[in-house]
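Colleague: Got a structure for you, written out below as structure tokens; questions coming shortly.
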Amino acid sequence: MASKKTTPAQPPNGAPTMQRPPAEVTFADELTTLRAKDEGPRPPGWRLSPRAVRTFILGDASLGVRRKFVGNPSLVDRAMVALATNRGLLLVGEPGTAKSLLSELLAAAISGRSTLTIQGSAGTTDDQIRYSWNYALLLAEGPTTRALVPAPLYLGMKEGAIVRFEEITRCPLEIQDSLLAPLSDRVLAVPEIDGADGMLFARDGFNVVATANARDLGVNEMSAALKRRFNFETVFPIPDFDVEMALVRDETRRLLDRAGVPNAPSVEILELLVTTFRELRAGETKTGQAMDRLTTAMSTAEAVSVAHAVGVRAHFLGDGEATPADVVECLSGAAVKSNAEDLARLRRYFEQRVSKRTEPHWRAYYEARHRLPG
Ligand SMILES: Nc1ncnc2c1ncn2[C@@H]1O[C@H](COP(=O)(O)OP(=O)(O)OP(=O)(O)O)[C@@H](O)[C@H]1O
Ligand SMILES: [Mg+2]
């Protein structure tokens, strides 16, 4: 389904390109290579063997497959094992730890499509999960499969594909529970349709990957019955400084390339940014001294987007070279949000920690602290 026309490198007649194509489009070449070389055993309905899925997600330089998710390989293995059995997979974790990214990569590799996605919210309805009706056809023909408008769960069961359910714990309980029969009995009833078409039996390859944010209250509210049908896997923030630096550097470079920005922030600038994020996230400095944590998550995903903003700012509004002052300008929107207490904490961080650093870029960072709002 990865149509060449939609690849960002080939805009149709100069028309605007997609801002963010799905993984199966962005990495279509890698998936083709892996499929051609894949000799490992495949679970029924999977387009790649679990070994090849693992390579797609964690990368293999010798095959030209880049590392997309930085994390414990055994987490990826456990996630795949859950999906190859008749249990769903629930990825839980702090915001911005790449839960959605991992679920997208799993779906793209296993089913060749990551777009059968339900976005969970307080307003999610059954129609958006299972199916709804084309009312013109419904009136003309009555309830038939032609008049039925399938939603992601219906399509995933019918076609044997992975269905993604983002932020499942934001949905009301009774909506979450509509997954019970599809996950346990692998069947979806369409009571409006008589006869055999009124029961949709899932094809091999169907399963559900859900994500839930540990900070959103509600994970605990999932019914015990539904919990039993999911394997829970926790996705943790990146523990190692150098690994996080490398990820932020590479992701920022990729985003800036797409934005037409030639200069990426220097290593010094990224070091300021990643150190600040990590120290505020952990509530302690690199040297182990305790300090205030922010209520905002200060995730790697936000570090990437701040580094991206710093590069964009320097290119379009500055002289091209990002400065510590650009970091201060871009930091407050990500770190403080609407919490006045967090602004005070961030100021204290500058006064108590940044002021102690003697390197020139840290001095310049400290000097720019007046740019914090308020
Ligand atoms: N371990 C990681 N591996 C790869 N990228 C990561 C990792 N952690 C964070 N990122 C960055 O975060 C981005 C993905 O964030 P994503 O939206 O998937 O997080 P999330 O956990 O779903 O967050 P939320 O809970 O807010 O929905 C990636 O594009 C990447 O830039
Ligand atoms: Mg997410």
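Every chain in the structure tokens has a letter given in the order shown (A, B, ...), and although residue numbers restart at 1 in each chain, ligands are simply numbered from 1 in the order shown.
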Select the residues contacting ligand 2 at a distance of at most 7 Å, based on only C-alpha atoms and all ligand atoms, then format the selection as an mmCIF file with all heavy atoms, in the first residue's frame.
Modeller:
```cif
data_model
loop_
_atom_site.group_PDB
_atom_site.id
_atom_site.type_symbol
_atom_site.label_atom_id
_atom_site.label_comp_id
_atom_site.auth_asym_id
_atom_site.auth_seq_id
_atom_site.Cartn_x
_atom_site.Cartn_y
_atom_site.Cartn_z
ATOM 1 N N GLY A 96 5.829 10.799 26.121
ATOM 2 C CA GLY A 96 7.023 11.043 25.293
ATOM 3 C C GLY A 96 8.106 10.005 25.385
ATOM 4 O O GLY A 96 9.286 10.297 25.190
ATOM 5 N N ALA A 98 7.998 7.239 23.487
ATOM 6 C CA ALA A 98 7.942 6.526 22.214
ATOM 7 C C ALA A 98 6.995 5.324 22.227
ATOM 8 O O ALA A 98 7.193 4.367 21.471
ATOM 9 C CB ALA A 98 9.332 6.126 21.729
ATOM 10 N N LYS A 99 5.964 5.377 23.043
ATOM 11 C CA LYS A 99 4.959 4.306 23.020
ATOM 12 C C LYS A 99 4.231 4.284 21.682
ATOM 13 O O LYS A 99 4.062 3.229 21.068
ATOM 14 C CB LYS A 99 3.921 4.512 24.143
ATOM 15 C CG LYS A 99 4.528 4.529 25.532
ATOM 16 C CD LYS A 99 3.480 4.803 26.599
ATOM 17 C CE LYS A 99 2.851 6.171 26.521
ATOM 18 N NZ LYS A 99 3.785 7.295 26.747
ATOM 19 N N SER A 100 3.796 5.473 21.244
ATOM 20 C CA SER A 100 3.065 5.521 19.973
ATOM 21 C C SER A 100 3.975 5.115 18.819
ATOM 22 O O SER A 100 3.560 4.407 17.912
ATOM 23 C CB SER A 100 2.537 6.924 19.713
ATOM 24 O OG SER A 100 1.684 7.302 20.757
ATOM 25 N N GLU A 166 -4.788 4.183 20.549
ATOM 26 C CA GLU A 166 -3.969 5.162 21.256
ATOM 27 C C GLU A 166 -4.710 5.673 22.486
ATOM 28 O O GLU A 166 -5.904 5.958 22.414
ATOM 29 C CB GLU A 166 -3.684 6.341 20.317
ATOM 30 C CG GLU A 166 -2.691 6.030 19.217
ATOM 31 C CD GLU A 166 -1.289 5.976 19.768
ATOM 32 O OE1 GLU A 166 -0.792 7.008 20.223
ATOM 33 O OE2 GLU A 166 -0.696 4.889 19.758
ATOM 34 N N GLU A 167 -3.976 5.830 23.562
ATOM 35 C CA GLU A 167 -4.516 6.433 24.792
ATOM 36 C C GLU A 167 -5.825 5.771 25.208
ATOM 37 O O GLU A 167 -6.823 6.447 25.492
ATOM 38 C CB GLU A 167 -4.735 7.943 24.593
ATOM 39 C CG GLU A 167 -3.533 8.695 24.073
ATOM 40 C CD GLU A 167 -2.388 8.799 25.085
ATOM 41 O OE1 GLU A 167 -2.578 8.387 26.244
ATOM 42 O OE2 GLU A 167 -1.314 9.262 24.704
ATOM 43 N N THR A 211 -1.946 1.944 23.696
ATOM 44 C CA THR A 211 -0.986 2.702 24.496
ATOM 45 C C THR A 211 -1.737 3.434 25.591
ATOM 46 O O THR A 211 -2.919 3.747 25.444
ATOM 47 C CB THR A 211 -0.221 3.752 23.662
ATOM 48 O OG1 THR A 211 -1.141 4.724 23.166
ATOM 49 C CG2 THR A 211 0.521 3.126 22.505
#
```
Colleague: Please tabulate, as a tab-separated table, the residues of chain A that come within 7 Å of ligand 1, each with its closest pair of atoms and the distance in Å to one decimal, counting only C-alpha atoms and all ligand atoms and ordering rows by chain, then residue number upward.
Modeller:
```
residue	atom	partner	partner_atom_place_in_ligand_line	distance
A:Lys68	CA	ligand 1	4 (C)	5.6
A:Phe69	CA	ligand 1	3 (N)	3.7
A:Val70	CA	ligand 1	3 (N)	3.8
A:Gly71	CA	ligand 1	1 (N)	5.1
A:Gly93	CA	ligand 1	21 (O)	6.6
A:Glu94	CA	ligand 1	25 (O)	6.0
A:Pro95	CA	ligand 1	25 (O)	3.3
A:Gly96	CA	ligand 1	23 (O)	3.4
A:Thr97	CA	ligand 1	21 (O)	3.8
A:Ala98	CA	ligand 1	18 (O)	3.2
A:Lys99	CA	ligand 1	21 (O)	3.8
A:Ser100	CA	ligand 1	22 (O)	3.7
A:Leu101	CA	ligand 1	18 (O)	3.7
A:Leu102	CA	ligand 1	18 (O)	6.6
A:Ala212	CA	ligand 1	25 (O)	6.8
A:Asn213	CA	ligand 1	25 (O)	4.8
A:Pro237	CA	ligand 1	8 (N)	6.4
A:Ile238	CA	ligand 1	1 (N)	5.8
A:Leu247	CA	ligand 1	5 (N)	6.8
A:Val248	CA	ligand 1	31 (O)	6.9
A:Glu251	CA	ligand 1	31 (O)	5.7
A:Ser299	CA	ligand 1	9 (C)	6.8
A:Thr300	CA	ligand 1	9 (C)	4.5
A:Ala301	CA	ligand 1	12 (O)	3.4
A:Val304	CA	ligand 1	31 (O)	5.6
```
Colleague: Would you mind exporting the chosen residues as an mmCIF file, in the first residue's frame, restricted to N, CA, C and O atoms?
Modeller:
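And here's again34.cif as it stands now:
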```cif
data_model
loop_
_atom_site.group_PDB
_atom_site.id
_atom_site.type_symbol
_atom_site.label_atom_id
_atom_site.label_comp_id
_atom_site.auth_asym_id
_atom_site.auth_seq_id
_atom_site.Cartn_x
_atom_site.Cartn_y
_atom_site.Cartn_z
ATOM 1 N N LYS A 68 15.260 2.665 14.893
ATOM 2 C CA LYS A 68 14.170 3.633 15.027
ATOM 3 C C LYS A 68 13.712 3.784 16.463
ATOM 4 O O LYS A 68 13.247 4.834 16.858
ATOM 5 N N PHE A 69 13.823 2.707 17.210
ATOM 6 C CA PHE A 69 13.412 2.760 18.616
ATOM 7 C C PHE A 69 14.634 2.432 19.456
ATOM 8 O O PHE A 69 15.308 1.426 19.215
ATOM 9 N N VAL A 70 14.925 3.297 20.422
ATOM 10 C CA VAL A 70 16.047 3.059 21.305
ATOM 11 C C VAL A 70 15.473 2.490 22.592
ATOM 12 O O VAL A 70 14.693 3.165 23.256
ATOM 13 N N GLY A 71 15.832 1.269 22.888
ATOM 14 C CA GLY A 71 15.274 0.700 24.111
ATOM 15 C C GLY A 71 15.746 -0.727 24.253
ATOM 16 O O GLY A 71 16.520 -1.236 23.441
ATOM 17 N N GLY A 93 3.534 3.981 29.917
ATOM 18 C CA GLY A 93 4.746 4.704 30.298
ATOM 19 C C GLY A 93 4.511 6.185 30.418
ATOM 20 O O GLY A 93 3.423 6.679 30.127
ATOM 21 N N GLU A 94 5.551 6.867 30.858
ATOM 22 C CA GLU A 94 5.517 8.324 30.960
ATOM 23 C C GLU A 94 5.265 8.909 29.575
ATOM 24 O O GLU A 94 5.556 8.263 28.569
ATOM 25 N N PRO A 95 4.780 10.153 29.506
ATOM 26 C CA PRO A 95 4.592 10.780 28.191
ATOM 27 C C PRO A 95 5.922 10.881 27.440
ATOM 28 O O PRO A 95 6.976 11.017 28.061
ATOM 29 N N GLY A 96 5.829 10.799 26.121
ATOM 30 C CA GLY A 96 7.023 11.043 25.293
ATOM 31 C C GLY A 96 8.106 10.005 25.385
ATOM 32 O O GLY A 96 9.286 10.297 25.190
ATOM 33 N N THR A 97 7.756 8.758 25.692
ATOM 34 C CA THR A 97 8.771 7.712 25.753
ATOM 35 C C THR A 97 8.711 6.808 24.520
ATOM 36 O O THR A 97 9.266 5.712 24.520
ATOM 37 N N ALA A 98 7.998 7.239 23.487
ATOM 38 C CA ALA A 98 7.942 6.526 22.214
ATOM 39 C C ALA A 98 6.995 5.324 22.227
ATOM 40 O O ALA A 98 7.193 4.367 21.471
ATOM 41 N N LYS A 99 5.964 5.377 23.043
ATOM 42 C CA LYS A 99 4.959 4.306 23.020
ATOM 43 C C LYS A 99 4.231 4.284 21.682
ATOM 44 O O LYS A 99 4.062 3.229 21.068
ATOM 45 N N SER A 100 3.796 5.473 21.244
ATOM 46 C CA SER A 100 3.065 5.521 19.973
ATOM 47 C C SER A 100 3.975 5.115 18.819
ATOM 48 O O SER A 100 3.560 4.407 17.912
ATOM 49 N N LEU A 101 5.224 5.577 18.893
ATOM 50 C CA LEU A 101 6.171 5.233 17.834
ATOM 51 C C LEU A 101 6.355 3.719 17.765
ATOM 52 O O LEU A 101 6.298 3.123 16.693
ATOM 53 N N LEU A 102 6.537 3.079 18.924
ATOM 54 C CA LEU A 102 6.748 1.634 18.926
ATOM 55 C C LEU A 102 5.517 0.908 18.392
ATOM 56 O O LEU A 102 5.629 -0.048 17.621
ATOM 57 N N ALA A 212 -1.040 3.667 26.695
ATOM 58 C CA ALA A 212 -1.646 4.419 27.800
ATOM 59 C C ALA A 212 -0.557 5.213 28.488
ATOM 60 O O ALA A 212 0.563 4.730 28.672
ATOM 61 N N ASN A 213 -0.902 6.425 28.828
ATOM 62 C CA ASN A 213 0.020 7.327 29.458
ATOM 63 C C ASN A 213 -0.041 7.163 30.969
ATOM 64 O O ASN A 213 -1.112 7.291 31.552
ATOM 65 N N PRO A 237 11.926 5.866 30.065
ATOM 66 C CA PRO A 237 12.771 6.895 29.435
ATOM 67 C C PRO A 237 14.185 6.337 29.203
ATOM 68 O O PRO A 237 14.589 5.380 29.884
ATOM 69 N N ILE A 238 14.906 6.930 28.278
ATOM 70 C CA ILE A 238 16.251 6.434 27.932
ATOM 71 C C ILE A 238 17.196 6.683 29.112
ATOM 72 O O ILE A 238 17.373 7.823 29.539
ATOM 73 N N LEU A 247 20.247 10.256 20.032
ATOM 74 C CA LEU A 247 18.881 10.200 19.481
ATOM 75 C C LEU A 247 18.375 11.611 19.177
ATOM 76 O O LEU A 247 17.833 11.866 18.101
ATOM 77 N N VAL A 248 18.573 12.531 20.126
ATOM 78 C CA VAL A 248 18.094 13.904 19.916
ATOM 79 C C VAL A 248 18.829 14.507 18.715
ATOM 80 O O VAL A 248 18.222 15.171 17.866
ATOM 81 N N GLU A 251 17.418 12.743 15.406
ATOM 82 C CA GLU A 251 16.018 13.108 15.109
ATOM 83 C C GLU A 251 15.926 14.574 14.708
ATOM 84 O O GLU A 251 15.155 14.938 13.821
ATOM 85 N N SER A 299 10.178 14.960 28.504
ATOM 86 C CA SER A 299 10.514 13.695 27.847
ATOM 87 C C SER A 299 11.512 13.889 26.713
ATOM 88 O O SER A 299 11.760 15.016 26.277
ATOM 89 N N THR A 300 12.044 12.766 26.240
ATOM 90 C CA THR A 300 12.931 12.807 25.070
ATOM 91 C C THR A 300 12.191 13.385 23.871
ATOM 92 O O THR A 300 12.762 14.139 23.091
ATOM 93 N N ALA A 301 10.921 13.034 23.731
ATOM 94 C CA ALA A 301 10.155 13.557 22.596
ATOM 95 C C ALA A 301 10.111 15.084 22.644
ATOM 96 O O ALA A 301 10.235 15.754 21.611
ATOM 97 N N VAL A 304 13.490 16.565 21.685
ATOM 98 C CA VAL A 304 13.636 16.608 20.225
ATOM 99 C C VAL A 304 12.891 17.815 19.665
ATOM 100 O O VAL A 304 13.414 18.554 18.835
#
```
Colleague: Tell me which protein, DNA and RNA residues are within 7 Å of stretch 121-136 of chain A, counting only C-alpha atoms, leaving out same-chain ones fewer than 4 positions away, and put them as a ChimeraX atom specification.
Modeller: /A:140,147-154,170-172,175
Colleague: Write out as a PyMOL selection string all residues of stretch 102-278 of chain A that DSSP puts in alpha helix (DSSP H) for this structure's backbone.
Modeller: chain A and resi 102-111+126-129+135-141+152-159+173-176+180-184+224-227+241-258+267-278
Colleague: Would you list the contacts of stretch 261-271 of chain A as a PyMOL selection string, taking every protein, DNA or RNA residue within 7 Å and counting only C-alpha atoms, but skipping same-chain residues closer than 3 positions in sequence?
Modeller: chain A and resi 253+256-257+274-275+311-312+315+320-324+361
Colleague: DSSP on the backbone, strand (DSSP E) only: what residues of stretch 71-111 of chain A does that give? Format it as number ranges by chain.
Modeller: A: 88-93
